[in-house]
Amino acid sequence: MSRSGYHEYEPHSQEEQWAHIRWRGAVKSAIRGRRGQKLLRELRDGMDAMPEKKLISDTLEKDGCFCALGVVGKHRGMSMAKIDAQDSEQVAGAFDIAEALAREIVYTNDEHFDIETDEARWIRVRQWVQANIRDMP
């Protein structure tokens with residue numbers, strides 16, 4: 001299981017199906033909400049400002065490289081040393097976003113970590129970010 005806490009499964013009961021539906025609703029709501037949109041814009045801007053267009057997986061920061069949420073932390077000037085990247089509740093609190101959004105971003109960042117380059121990950125995540133930013137009136 002990845003640090004997102006997501007895992008592949010087939011819902012077997014109606015209760016599991018409804019839990020999955022509620023979770024996906026929470027993710028959509030978190031993405032569309034004010035805090036989610038603010039974070040996605042910061043992520044876009046932080047990614048665009050990166051001198052090397054690379055994202056790492058499995059941790060916020062390592063040797064001057066960052067995952068998607070780590071990019072936001074760097075952009076904000078946050079100290080991420082004491083944030084446990086494996087604890088989605090702590091990550092969500094540190095970045096002031098819903099836990100559903102923290103898990104979704106981590107999943108999006110890490111899901112292909114074993115089969116893609118850091119550069120390819122950057123491109124894929126940047127496309128996901130742009131696709132989820134809503135136009136503001």
# chains A, B, ... in the order shown; residues from 1 in each chain; ligands from 1

$ select_by_dssp --residues "chain A" --states "strand (DSSP E)" --output "MDAnalysis selection string"
chainID A and resid 61:62 65:66

$ atom_distance --atom1 "CA of Gly64 in chain A" --atom2 "CA of Trp122 in chain A"
15.1 Å

$ atom_distance --atom1 "CA of Gln14 in chain A" --atom2 "CA of Val27 in chain A"
20.0 Å

$ closest_atom_pairs --of "range 107-129 of chain A" --to "range 29-41 of chain A" --cutoff "12 Å" --atoms "only C-alpha atoms" --output "tab-separated table"
residue	atom	partner	partner_atom	distance
A:Val125	CA	A:Leu40	CA	10.8
A:Arg126	CA	A:Leu40	CA	9.8
A:Gln127	CA	A:Leu40	CA	11.4
A:Trp128	CA	A:Leu40	CA	9.7
A:Val129	CA	A:Leu40	CA	6.1

$ residues_around --residues "range 90-102 of chain A" --least-positions-apart "6" --cutoff "12 Å" --atoms "only C-alpha atoms" --output "number ranges by chain"
A: 3-6, 20, 22-40, 42-43, 59-60, 68-84, 108-109, 129, 132

$ select_by_dssp --residues "chain A" --states "alpha helix (DSSP H)" --output "number ranges by chain"
A: 14-32, 34-49, 68-76, 88-95, 99-110, 118-132

$ residues_around --residues "Ala120 in chain A" --least-positions-apart "3" --cutoff "9 Å" --atoms "only C-alpha atoms" --output "PyMOL selection string"
chain A and resi 53-55+116-117+123-125

$ write_last_selection --atoms "all heavy atoms" --output "CSV table (one decimal), in the first residue's frame"
chain,number,residue,atom,x,y,z
A,53,LYS,N,12.5,19.9,-13.8
A,53,LYS,CA,11.1,19.5,-13.9
A,53,LYS,C,11.0,18.0,-13.5
A,53,LYS,O,10.9,17.1,-14.4
A,53,LYS,CB,10.4,19.7,-15.2
A,53,LYS,CG,10.6,21.2,-15.7
A,53,LYS,CD,9.9,22.2,-14.8
A,53,LYS,CE,9.9,23.5,-15.5
A,53,LYS,NZ,9.9,24.6,-14.6
A,54,LYS,N,11.2,17.7,-12.2
A,54,LYS,CA,11.2,16.3,-11.7
A,54,LYS,C,10.4,16.3,-10.4
A,54,LYS,O,10.4,17.2,-9.6
A,54,LYS,CB,12.6,15.9,-11.4
A,54,LYS,CG,13.6,15.8,-12.5
A,54,LYS,CD,14.9,15.3,-11.9
A,54,LYS,CE,16.0,15.2,-13.1
A,54,LYS,NZ,17.2,14.7,-12.5
A,55,LEU,N,9.7,15.1,-10.2
A,55,LEU,CA,9.0,14.9,-8.9
A,55,LEU,C,9.5,13.5,-8.4
A,55,LEU,O,9.5,12.6,-9.2
A,55,LEU,CB,7.5,14.9,-9.1
A,55,LEU,CG,6.8,16.2,-9.3
A,55,LEU,CD1,5.3,16.0,-9.5
A,55,LEU,CD2,7.1,17.2,-8.2
A,116,GLU,N,8.0,4.8,-13.9
A,116,GLU,CA,8.2,6.1,-14.7
A,116,GLU,C,9.3,6.9,-14.1
A,116,GLU,O,9.7,6.7,-13.0
A,116,GLU,CB,6.9,6.9,-14.8
A,116,GLU,CG,6.5,7.6,-13.5
A,116,GLU,CD,5.2,8.4,-13.6
A,116,GLU,OE1,4.7,8.6,-14.7
A,116,GLU,OE2,4.7,8.8,-12.6
A,117,THR,N,9.8,7.7,-15.0
A,117,THR,CA,10.9,8.6,-14.5
A,117,THR,C,10.4,9.7,-13.7
A,117,THR,O,9.2,10.0,-13.8
A,117,THR,CB,11.7,9.1,-15.8
A,117,THR,OG1,10.8,10.0,-16.5
A,117,THR,CG2,12.2,8.0,-16.6
A,123,ILE,N,5.5,15.7,-15.5
A,123,ILE,CA,4.5,16.0,-16.6
A,123,ILE,C,3.1,15.5,-16.3
A,123,ILE,O,2.1,16.2,-16.5
A,123,ILE,CB,5.0,15.3,-18.0
A,123,ILE,CG1,6.3,16.0,-18.4
A,123,ILE,CG2,4.0,15.4,-19.0
A,123,ILE,CD1,7.1,15.3,-19.5
A,124,ARG,N,3.0,14.2,-15.8
A,124,ARG,CA,1.7,13.7,-15.5
A,124,ARG,C,1.0,14.4,-14.4
A,124,ARG,O,-0.2,14.8,-14.5
A,124,ARG,CB,1.8,12.2,-15.2
A,124,ARG,CG,0.5,11.5,-14.9
A,124,ARG,CD,0.7,10.0,-14.6
A,124,ARG,NE,1.8,9.7,-13.6
A,124,ARG,CZ,1.6,9.9,-12.3
A,124,ARG,NH1,0.5,10.3,-11.8
A,124,ARG,NH2,2.6,9.6,-11.5
A,125,VAL,N,1.7,14.7,-13.4
A,125,VAL,CA,1.1,15.4,-12.2
A,125,VAL,C,0.8,16.8,-12.6
A,125,VAL,O,-0.3,17.3,-12.3
A,125,VAL,CB,2.1,15.4,-11.0
A,125,VAL,CG1,1.5,16.3,-9.9
A,125,VAL,CG2,2.2,14.0,-10.5

$ atom_distance --atom1 "CA of His112 in chain A" --atom2 "CA of Glu15 in chain A"
29.0 Å

$ residues_around --residues "Glu52 in chain A" --least-positions-apart "4" --cutoff "10 Å" --atoms "only C-alpha atoms" --output "ChimeraX atom specification"
/A:47-48,65,118-119,122

$ write_last_selection --atoms "N, CA and C atoms" --output "mmCIF file, in the first residue's frame"
data_model
loop_
_atom_site.group_PDB
_atom_site.id
_atom_site.type_symbol
_atom_site.label_atom_id
_atom_site.label_comp_id
_atom_site.auth_asym_id
_atom_site.auth_seq_id
_atom_site.Cartn_x
_atom_site.Cartn_y
_atom_site.Cartn_z
ATOM 1 N N MET A 47 5.451 24.146 -9.343
ATOM 2 C CA MET A 47 5.994 23.231 -10.347
ATOM 3 C C MET A 47 6.570 24.000 -11.523
ATOM 4 N N ASP A 48 5.866 25.034 -11.959
ATOM 5 C CA ASP A 48 6.349 25.817 -13.093
ATOM 6 C C ASP A 48 7.655 26.534 -12.770
ATOM 7 N N CYS A 65 15.093 17.383 -3.763
ATOM 8 C CA CYS A 65 14.029 17.024 -4.706
ATOM 9 C C CYS A 65 12.726 16.882 -3.920
ATOM 10 N N ASP A 118 11.257 10.387 -13.002
ATOM 11 C CA ASP A 118 10.850 11.569 -12.233
ATOM 12 C C ASP A 118 10.355 12.678 -13.158
ATOM 13 N N GLU A 119 10.936 12.778 -14.351
ATOM 14 C CA GLU A 119 10.509 13.769 -15.332
ATOM 15 C C GLU A 119 9.113 13.449 -15.872
ATOM 16 N N TRP A 122 6.571 14.340 -13.301
ATOM 17 C CA TRP A 122 6.316 15.782 -13.275
ATOM 18 C C TRP A 122 5.277 16.156 -14.334
#
